[in-house]
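query33.txt (compact mmCIF, C-alpha atoms) appears below.
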# COMPACT_ATOMS: atom_id res chain seq x y z
CA MET A 170 0.00 0.00 0.00
CA ALA A 171 3.02 2.29 0.39
CA VAL A 172 3.11 3.00 -3.34
CA ALA A 173 -0.62 3.76 -3.59
CA ARG A 174 -0.30 6.27 -0.78
CA GLY A 175 2.42 8.38 -2.43
CA ARG A 176 1.52 12.00 -3.00
CA ARG A 177 -0.87 12.44 -5.90
CA PRO A 178 -0.39 15.51 -8.12
CA ALA A 179 -3.32 17.92 -8.52
CA GLY A 180 -5.55 17.00 -11.45
CA SER A 181 -5.42 13.23 -12.09
CA GLY A 182 -8.58 12.12 -10.22
CA THR A 183 -7.72 14.18 -7.14
CA ARG A 184 -11.27 15.36 -6.49
CA GLU A 185 -12.58 11.81 -6.75
CA ALA A 186 -9.83 10.45 -4.53
CA ILE A 187 -10.63 13.05 -1.86
CA LEU A 188 -14.36 12.32 -2.05
CA ALA A 189 -13.75 8.58 -1.73
CA ALA A 190 -11.39 9.03 1.21
CA ALA A 191 -13.78 11.47 2.90
CA SER A 192 -16.77 9.20 2.41
CA GLN A 193 -14.92 6.30 4.00
CA ALA A 194 -13.49 8.38 6.84
CA PHE A 195 -16.82 9.94 7.87
CA ALA A 196 -18.57 6.56 7.73
CA GLU A 197 -15.92 4.64 9.64
CA GLN A 198 -14.69 7.17 12.19
CA GLY A 199 -17.72 9.41 12.52
CA TYR A 200 -17.75 13.15 12.05
CA PRO A 201 -15.97 14.34 15.20
CA ARG A 202 -12.90 12.15 14.76
CA THR A 203 -12.48 12.67 11.03
CA THR A 204 -9.78 15.20 10.12
CA LEU A 205 -8.98 16.88 6.82
CA ARG A 206 -5.36 15.82 7.37
CA GLY A 207 -6.39 12.16 7.67
CA ILE A 208 -8.53 12.41 4.55
CA ALA A 209 -5.67 14.04 2.65
CA ARG A 210 -3.30 11.30 3.75
CA GLU A 211 -5.68 8.56 2.62
CA ALA A 212 -6.25 10.32 -0.71
CA GLY A 213 -2.51 10.83 -1.18
CA VAL A 214 -2.72 14.62 -1.47
CA ASP A 215 -1.68 17.67 0.51
CA THR A 216 -4.22 18.92 3.07
CA ARG A 217 -4.27 22.31 1.32
CA LEU A 218 -5.66 20.64 -1.81
CA VAL A 219 -8.59 19.27 0.22
CA THR A 220 -9.33 22.77 1.51
CA HIS A 221 -8.88 24.20 -1.98
CA TYR A 222 -11.45 21.84 -3.50
CA PHE A 223 -13.96 21.52 -0.67
CA GLY A 224 -13.47 24.23 1.98
CA THR A 225 -14.14 23.24 5.59
CA LYS A 226 -14.73 19.81 7.08
CA GLN A 227 -18.45 20.62 7.27
CA ASP A 228 -18.52 21.54 3.59
CA LEU A 229 -16.79 18.28 2.70
CA PHE A 230 -19.23 16.28 4.82
CA VAL A 231 -22.19 17.90 3.13
CA ALA A 232 -20.60 17.23 -0.28
CA VAL A 233 -19.95 13.59 0.43
CA VAL A 234 -22.91 12.18 2.32
CA GLU A 235 -25.83 10.63 0.48
CA LEU A 236 -28.60 8.33 1.62
CA PRO A 237 -27.76 4.68 0.91
CA PHE A 238 -31.07 4.35 -0.96
CA ASP A 239 -33.26 6.26 -3.41
CA PRO A 240 -36.00 7.96 -1.36
CA GLU A 241 -38.53 7.99 -4.22
CA VAL A 242 -38.16 4.28 -4.93
CA VAL A 243 -38.37 3.49 -1.22
CA MET A 244 -41.45 5.67 -0.76
CA THR A 245 -43.29 3.99 -3.61
CA GLY A 246 -42.58 0.58 -2.12
CA ILE A 247 -43.62 1.63 1.37
CA LEU A 248 -46.85 3.29 0.22
CA GLY A 249 -47.70 0.07 -1.62
CA PRO A 250 -51.42 -0.69 -1.54
CA GLY A 251 -52.24 2.16 0.87
CA PRO A 252 -52.06 3.40 4.46
CA GLU A 253 -52.77 0.03 6.05
CA GLY A 254 -49.51 -1.71 6.93
CA VAL A 255 -47.41 1.31 6.02
CA GLY A 256 -45.72 1.32 9.46
CA GLN A 257 -44.82 -2.34 9.14
CA ARG A 258 -43.39 -1.82 5.64
CA LEU A 259 -41.36 1.24 6.72
CA ALA A 260 -40.01 -0.64 9.73
CA THR A 261 -39.14 -3.64 7.54
CA PHE A 262 -37.29 -1.40 5.09
CA ALA A 263 -35.40 0.56 7.77
CA VAL A 264 -34.39 -2.43 9.88
CA GLY A 265 -33.35 -4.41 6.78
CA MET A 266 -31.39 -1.50 5.33
CA LEU A 267 -29.46 -1.13 8.59
CA GLU A 268 -28.42 -4.79 8.40
CA THR A 269 -26.20 -3.88 5.43
CA PRO A 270 -22.81 -2.81 6.85
CA ALA A 271 -22.25 0.03 4.35
CA ALA A 272 -25.71 1.51 4.82
CA ARG A 273 -25.37 1.16 8.59
CA ARG A 274 -22.05 3.04 8.55
CA THR A 275 -23.61 5.84 6.52
CA MET A 276 -26.65 6.17 8.76
CA THR A 277 -24.71 5.97 12.02
CA GLY A 278 -22.19 8.44 10.56
CA LEU A 279 -25.01 10.82 9.68
CA LEU A 280 -26.49 10.60 13.15
CA ARG A 281 -23.15 10.95 14.93
CA ALA A 282 -22.48 14.01 12.81
CA ALA A 283 -25.93 15.44 13.43
CA ALA A 284 -25.39 15.07 17.16
CA SER A 285 -22.23 17.14 17.09
CA GLU A 286 -22.60 19.70 14.29
CA GLU A 287 -25.42 22.05 13.43
CA GLU A 288 -24.76 21.92 9.69
CA ALA A 289 -24.70 18.13 9.68
CA ALA A 290 -27.98 18.15 11.59
CA VAL A 291 -29.53 20.28 8.86
CA ARG A 292 -28.25 17.85 6.24
CA VAL A 293 -29.75 14.87 8.06
CA ARG A 294 -33.04 16.72 8.30
CA ASP A 295 -32.98 17.50 4.60
CA LEU A 296 -32.06 13.99 3.55
CA LEU A 297 -34.19 11.86 5.82
CA VAL A 298 -37.18 13.98 6.74
CA GLU A 299 -37.62 16.29 3.75
CA ARG A 300 -36.86 13.75 1.03
CA LEU A 301 -38.44 10.61 2.47
CA LEU A 302 -40.67 11.00 5.50
CA THR A 303 -42.54 14.23 4.80
CA PRO A 304 -43.48 13.18 1.23
CA LEU A 305 -44.53 9.81 2.65
CA ALA A 306 -46.77 11.42 5.27
CA GLN A 307 -48.19 13.80 2.66
CA HIS A 308 -49.03 10.92 0.32
CA ILE A 309 -50.79 9.08 3.13
CA GLY A 310 -52.86 12.20 3.53
CA GLY A 311 -53.59 12.58 7.26
CA ASP A 312 -53.48 15.84 9.22
CA ARG A 313 -50.16 17.43 10.25
CA PRO A 314 -47.86 15.56 7.84
CA ASP A 315 -44.80 17.52 9.07
CA LEU A 316 -45.32 16.46 12.68
CA ARG A 317 -46.00 12.86 11.62
CA ALA A 318 -42.81 12.79 9.54
CA ALA A 319 -40.78 14.26 12.39
CA LEU A 320 -42.15 11.79 14.97
CA THR A 321 -41.42 8.93 12.56
CA GLY A 322 -37.90 10.22 11.93
CA ALA A 323 -37.25 10.67 15.64
CA GLN A 324 -38.32 7.07 16.34
CA MET A 325 -36.09 5.75 13.56
CA ALA A 326 -33.16 7.86 14.78
CA GLY A 327 -33.73 6.55 18.29
CA LEU A 328 -33.61 2.99 17.02
CA VAL A 329 -30.29 3.61 15.26
CA VAL A 330 -28.89 5.28 18.38
CA GLY A 331 -30.08 2.47 20.67
CA ARG A 332 -29.18 -0.49 18.45
CA HIS A 333 -26.12 0.69 16.56
CA ILE A 334 -24.56 3.65 18.40
CA VAL A 335 -25.11 3.18 22.13
CA GLY A 336 -25.52 -0.56 21.57
CA LEU A 337 -28.15 -1.45 24.17
CA PRO A 338 -27.63 -5.23 24.38
CA SER A 339 -31.26 -6.29 24.00
CA LEU A 340 -31.70 -4.02 20.96
CA ALA A 341 -28.35 -4.98 19.45
CA GLN A 342 -29.21 -8.68 19.85
CA ALA A 343 -32.84 -8.51 18.72
CA THR A 344 -33.59 -10.08 15.35
CA PRO A 345 -34.89 -7.91 12.51
CA ASP A 346 -38.28 -9.67 12.83
CA GLU A 347 -38.50 -8.82 16.52
CA LEU A 348 -37.68 -5.19 15.86
CA VAL A 349 -40.17 -4.87 13.03
CA ALA A 350 -42.85 -6.42 15.24
CA ALA A 351 -42.11 -3.94 18.03
CA VAL A 352 -41.60 -0.79 15.96
CA GLY A 353 -44.01 -1.34 13.04
CA PRO A 354 -47.15 -0.50 15.07
CA VAL A 355 -45.40 2.62 16.40
CA LEU A 356 -44.59 3.95 12.94
CA GLN A 357 -48.16 3.13 11.90
CA HIS A 358 -49.41 5.18 14.87
CA TYR A 359 -47.22 8.15 13.96
CA LEU A 360 -48.13 8.04 10.27
CA THR A 361 -51.85 7.30 10.45
CA GLY A 362 -53.05 7.33 14.08
CA ASP A 363 -54.88 9.94 16.12
CA LEU A 364 -52.31 12.36 17.52
CA SER A 365 -54.67 14.90 19.08
CA PRO A 366 -54.19 15.65 22.79
CA VAL A 367 -57.93 15.72 23.57
CA SER A 368 -58.79 12.18 22.59
CA ALA A 369 -55.52 10.57 23.71
CA MET B 48 -14.84 38.30 36.57
CA ALA B 49 -11.12 38.80 35.85
CA VAL B 50 -10.26 38.36 39.51
CA ALA B 51 -12.33 35.21 39.91
CA ARG B 52 -10.49 33.61 36.99
CA GLY B 53 -7.01 34.06 38.43
CA ARG B 54 -5.05 30.87 39.00
CA ARG B 55 -6.25 28.91 41.97
CA PRO B 56 -3.65 27.09 44.07
CA ALA B 57 -4.04 23.32 44.50
CA GLY B 58 -6.12 22.46 47.56
CA SER B 59 -8.67 25.22 48.29
CA GLY B 60 -11.77 23.76 46.60
CA THR B 61 -9.86 22.85 43.45
CA ARG B 62 -11.59 19.53 42.91
CA GLU B 63 -15.00 21.12 43.33
CA ALA B 64 -14.10 24.01 41.03
CA ILE B 65 -12.98 21.58 38.33
CA LEU B 66 -16.13 19.48 38.71
CA ALA B 67 -18.34 22.56 38.45
CA ALA B 68 -16.49 23.87 35.40
CA ALA B 69 -16.56 20.44 33.75
CA SER B 70 -20.25 19.96 34.44
CA GLN B 71 -21.05 23.30 32.85
CA ALA B 72 -18.73 22.79 29.87
CA PHE B 73 -20.06 19.33 28.96
CA ALA B 74 -23.64 20.50 29.28
CA GLU B 75 -23.20 23.70 27.28
CA GLN B 76 -20.68 22.71 24.63
CA GLY B 77 -21.27 18.99 24.37
CA TYR B 78 -18.65 16.31 24.77
CA PRO B 79 -16.70 16.67 21.50
CA ARG B 80 -16.04 20.39 21.86
CA THR B 81 -15.20 20.36 25.54
CA THR B 82 -11.46 20.48 26.27
CA LEU B 83 -9.54 19.88 29.48
CA ARG B 84 -7.76 23.17 28.81
CA GLY B 85 -11.05 25.07 28.66
CA ILE B 86 -12.25 23.42 31.86
CA ALA B 87 -8.98 24.28 33.58
CA ARG B 88 -9.27 27.91 32.45
CA GLU B 89 -12.84 28.19 33.76
CA ALA B 90 -11.84 26.58 37.05
CA GLY B 91 -8.82 28.84 37.34
CA VAL B 92 -6.28 26.01 37.55
CA ASP B 93 -3.52 24.53 35.45
CA THR B 94 -4.57 21.82 32.96
CA ARG B 95 -2.15 19.40 34.62
CA LEU B 96 -4.14 19.65 37.84
CA VAL B 97 -7.28 18.54 35.98
CA THR B 98 -5.43 15.53 34.64
CA HIS B 99 -3.93 14.87 38.06
CA TYR B 100 -7.34 14.77 39.76
CA PHE B 101 -9.48 13.19 37.04
CA GLY B 102 -7.37 11.57 34.31
CA THR B 103 -8.72 11.76 30.78
CA LYS B 104 -11.62 13.77 29.39
CA GLN B 105 -13.69 10.58 29.34
CA ASP B 106 -12.92 9.92 33.01
CA LEU B 107 -13.92 13.46 33.89
CA PHE B 108 -17.17 13.17 31.95
CA VAL B 109 -18.04 9.95 33.74
CA ALA B 110 -17.22 11.59 37.08
CA VAL B 111 -19.33 14.63 36.44
CA VAL B 112 -22.52 13.56 34.70
CA GLU B 113 -25.59 12.68 36.70
CA LEU B 114 -29.25 12.38 35.76
CA PRO B 115 -31.16 15.59 36.48
CA PHE B 116 -33.65 13.57 38.55
CA ASP B 117 -33.74 10.74 41.07
CA PRO B 118 -34.59 7.56 39.14
CA GLU B 119 -36.23 5.85 42.13
CA VAL B 120 -38.52 8.76 42.89
CA VAL B 121 -39.43 9.10 39.23
CA MET B 122 -40.13 5.39 38.88
CA THR B 123 -42.45 5.37 41.86
CA GLY B 124 -44.41 8.27 40.40
CA ILE B 125 -44.61 6.71 36.96
CA LEU B 126 -45.69 3.31 38.25
CA GLY B 127 -48.46 5.05 40.17
CA PRO B 128 -51.62 2.99 40.33
CA GLY B 129 -50.37 0.32 37.91
CA PRO B 130 -49.54 -0.55 34.29
CA GLU B 131 -52.46 1.34 32.80
CA GLY B 132 -51.42 4.84 31.77
CA VAL B 133 -47.75 4.17 32.51
CA GLY B 134 -46.73 5.27 28.99
CA GLN B 135 -48.64 8.52 29.35
CA ARG B 136 -47.07 9.23 32.74
CA LEU B 137 -43.55 8.44 31.52
CA ALA B 138 -44.05 10.68 28.47
CA THR B 139 -45.41 13.46 30.69
CA PHE B 140 -42.41 13.21 32.98
CA ALA B 141 -39.83 13.07 30.16
CA VAL B 142 -41.30 15.87 28.06
CA GLY B 143 -41.79 18.06 31.13
CA MET B 144 -38.29 17.40 32.44
CA LEU B 145 -36.83 18.41 29.08
CA GLU B 146 -38.63 21.75 29.29
CA THR B 147 -36.26 22.72 32.11
CA PRO B 148 -33.17 24.29 30.49
CA ALA B 149 -30.66 22.71 32.90
CA ALA B 150 -32.12 19.22 32.55
CA ARG B 151 -32.32 19.63 28.80
CA ARG B 152 -28.64 20.61 28.64
CA THR B 153 -27.68 17.56 30.67
CA MET B 154 -29.75 15.15 28.59
CA THR B 155 -28.65 16.56 25.22
CA GLY B 156 -25.06 16.61 26.51
CA LEU B 157 -25.37 12.96 27.49
CA LEU B 158 -26.75 12.00 24.10
CA ARG B 159 -24.22 14.05 22.16
CA ALA B 160 -21.49 12.38 24.18
CA ALA B 161 -22.98 8.94 23.70
CA ALA B 162 -23.04 9.50 19.95
CA SER B 163 -19.33 10.23 19.81
CA GLU B 164 -17.66 8.20 22.56
CA GLU B 165 -17.99 4.57 23.51
CA GLU B 166 -17.42 5.18 27.21
CA ALA B 167 -20.00 7.94 27.33
CA ALA B 168 -22.44 5.60 25.58
CA VAL B 169 -21.93 3.04 28.33
CA ARG B 170 -22.54 5.73 30.94
CA VAL B 171 -25.80 6.79 29.26
CA ARG B 172 -26.88 3.17 29.14
CA ASP B 173 -26.09 2.70 32.83
CA LEU B 174 -27.83 5.89 33.90
CA LEU B 175 -30.96 5.88 31.80
CA VAL B 176 -31.67 2.26 30.98
CA GLU B 177 -30.22 0.37 33.95
CA ARG B 178 -31.28 2.77 36.66
CA LEU B 179 -34.69 3.88 35.40
CA LEU B 180 -36.17 1.99 32.48
CA THR B 181 -35.20 -1.62 33.21
CA PRO B 182 -36.42 -1.44 36.85
CA LEU B 183 -39.61 0.21 35.56
CA ALA B 184 -40.20 -2.57 33.03
CA GLN B 185 -39.41 -5.20 35.66
CA HIS B 186 -41.90 -3.69 38.10
CA ILE B 187 -44.59 -3.67 35.42
CA GLY B 188 -43.90 -7.36 35.06
CA GLY B 189 -44.34 -8.21 31.37
CA ASP B 190 -42.11 -10.52 29.35
CA ARG B 191 -38.67 -9.35 28.12
CA PRO B 192 -38.21 -6.34 30.42
CA ASP B 193 -34.73 -5.64 29.00
CA LEU B 194 -36.03 -5.32 25.45
CA ARG B 195 -38.98 -3.20 26.61
CA ALA B 196 -36.65 -0.88 28.52
CA ALA B 197 -34.32 -0.57 25.54
CA LEU B 198 -37.15 0.18 23.09
CA THR B 199 -38.50 2.78 25.51
CA GLY B 200 -35.07 4.35 25.92
CA ALA B 201 -34.48 4.40 22.17
CA GLN B 202 -37.80 6.19 21.61
CA MET B 203 -36.99 8.76 24.28
CA ALA B 204 -33.49 9.28 22.87
CA GLY B 205 -34.99 9.75 19.41
CA LEU B 206 -37.33 12.39 20.76
CA VAL B 207 -34.45 14.31 22.33
CA VAL B 208 -32.44 14.03 19.11
CA GLY B 209 -35.36 15.16 16.94
CA ARG B 210 -36.68 17.92 19.18
CA HIS B 211 -33.59 19.29 20.89
CA ILE B 212 -30.49 18.22 18.91
CA VAL B 213 -31.40 18.08 15.22
CA GLY B 214 -34.28 20.48 15.88
CA LEU B 215 -36.91 19.23 13.46
CA PRO B 216 -39.20 22.28 13.31
CA SER B 217 -42.51 20.51 13.90
CA LEU B 218 -41.07 18.65 16.90
CA ALA B 219 -39.27 21.71 18.25
CA GLN B 220 -42.50 23.74 17.98
CA ALA B 221 -44.89 21.09 19.30
CA THR B 222 -46.36 21.79 22.73
CA PRO B 223 -45.64 19.39 25.60
CA ASP B 224 -49.29 18.26 25.47
CA GLU B 225 -49.04 17.42 21.78
CA LEU B 226 -45.88 15.41 22.33
CA VAL B 227 -47.29 13.51 25.29
CA ALA B 228 -50.40 12.69 23.24
CA ALA B 229 -48.28 11.36 20.36
CA VAL B 230 -45.60 9.53 22.34
CA GLY B 231 -47.56 8.30 25.37
CA PRO B 232 -49.32 5.44 23.52
CA VAL B 233 -45.96 4.41 22.02
CA LEU B 234 -44.27 4.12 25.42
CA GLN B 235 -47.34 2.23 26.65
CA HIS B 236 -46.94 -0.17 23.72
CA TYR B 237 -43.27 -0.75 24.45
CA LEU B 238 -43.80 -1.20 28.19
CA THR B 239 -46.97 -3.31 28.23
CA GLY B 240 -47.99 -4.25 24.66
CA ASP B 241 -47.57 -7.43 22.67
CA LEU B 242 -44.13 -7.39 21.08
CA SER B 243 -44.13 -10.89 19.59
CA PRO B 244 -43.46 -11.14 15.84
CA VAL B 245 -46.15 -13.81 15.26
CA SER B 246 -49.17 -11.82 16.36
CA ALA B 247 -47.97 -8.46 15.02
Let me see the file written as structure tokens.
Amino acid sequence: MAVARGRRPAGSGTREAILAAASQAFAEQGYPRTTLRGIAREAGVDTRLVTHYFGTKQDLFVAVVELPFDPEVVMTGILGPGPEGVGQRLATFAVGMLETPAARRTMTGLLRAAASEEEAAVRVRDLLVERLLTPLAQHIGGDRPDLRAALTGAQMAGLVVGRHIVGLPSLAQATPDELVAAVGPVLQHYLTGDLSPVSA
Amino acid sequence: MAVARGRRPAGSGTREAILAAASQAFAEQGYPRTTLRGIAREAGVDTRLVTHYFGTKQDLFVAVVELPFDPEVVMTGILGPGPEGVGQRLATFAVGMLETPAARRTMTGLLRAAASEEEAAVRVRDLLVERLLTPLAQHIGGDRPDLRAALTGAQMAGLVVGRHIVGLPSLAQATPDELVAAVGPVLQHYLTGDLSPVSA
């Protein structure tokens, strides 16, 4: 690997090498521990080139992070035949997606970043809530789609925190089927149930 | 304040001054941004004294962080007359507690720390799940109290992340009553409902 890590001149795929190194670093080490210097080293370039192309660490994070799925395709699948069972289908998708190591690294990286940096938090909100959950709640057509999407997103974030970040043993060891059984009715409640304080 | 920040000799309340400065720094700045140097400056001591008394930043965090409530008192109140309404009472307690700025800083600080540091994650688990939620689930007496406690904790963590850390607008703007109405039935489900995959 010593040869591959020699300094790379500007030009020849530098941008792509930086993006690849950054993507891997954020996913594996999380936002707080990732440094521009480490990314530059992995990409085989000088740190100043990273700054030249991408600006700050926050800018680079925002440039590099993408959802590990296509929100429109996912939404169509989750909507399926209609509101009934939508919570179960969303839970099945989310739990299954997080079983894939690469997707899990991206989602835990996003949440770790969101917990420590305002700009990363905005990016998470844009990606997960604005592009997937709010359109989903709007399609389902109940009242207060924004609140429903936010409650759904908060529950999913909590599951990632509990199972994959804090690693609560009984959540980390639960099977996907067990999790879907427990969380599906909750997502159904948030997306289609009665949320009004009076009748609760 | 210039006088108060002069260097403090070892001895005279140094430990207490460091603990107070650390407690404030972790709560206000979050774990990743807090430095031993900054804590030492606030406490009016040399950084080496902080290290001498408390070791690493992680050690100091573990020494300093406490729940902003007494878990036993809270559990007794939440258990109240029995399993019925326990989700509603837990949601009312949690949402109300997070309305207090000091408690909110502690809980968001804990979660931010847990998202970035393994040791802090263990501390959060010990404090919130082991001392409050698992005993609560055990007292209620259903099957799988560990899983119920973890699901409950994950939902509550998600709410803090969504409302107070990422700041999803519709969650940040929701009234306590609206949140309790939405989340109460979910906590009830996790604490007393049927979680088995077969019947779901």
Test item: chain A residues at most 6 Å from chain B, counting only C-alpha atoms, as JSON, numbers by chain: {"A": [281, 284, 290, 316, 323, 324, 326, 327, 328, 331, 335, 339, 347, 350, 351, 355, 364, 366, 369]}
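For the pair CA of Thr181 (chain B) and CA of Gln105 (chain B), the interatomic distance is 25.0 Å.
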From A:Pro237, A:Pro252, A:Thr275, A:Pro270, residue lying nearest Ala194 (chain A) [all atoms listed in the file]: A:Thr275
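CA of Ala186 (chain A) is positioned 9.4 Å from CA of Ile208 (chain A).
Note that CA of Ala260 (chain A) and CA of Gly310 (chain A) are 19.2 Å apart.
Protein, DNA and RNA residues at most 7 Å from (-14.3, 18.3, 33.5), with only C-alpha atoms, are these: Ile65, Leu66, Ala68, Ala69, Ser70, Leu83, Ile86, Lys104, Leu107, Phe108 and Val111 of chain B.
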Which residue of B:Val133, B:Ala141, B:Val92, B:Met122 approaches Thr239 (chain B) most closely, using all atoms listed in the file: B:Val133
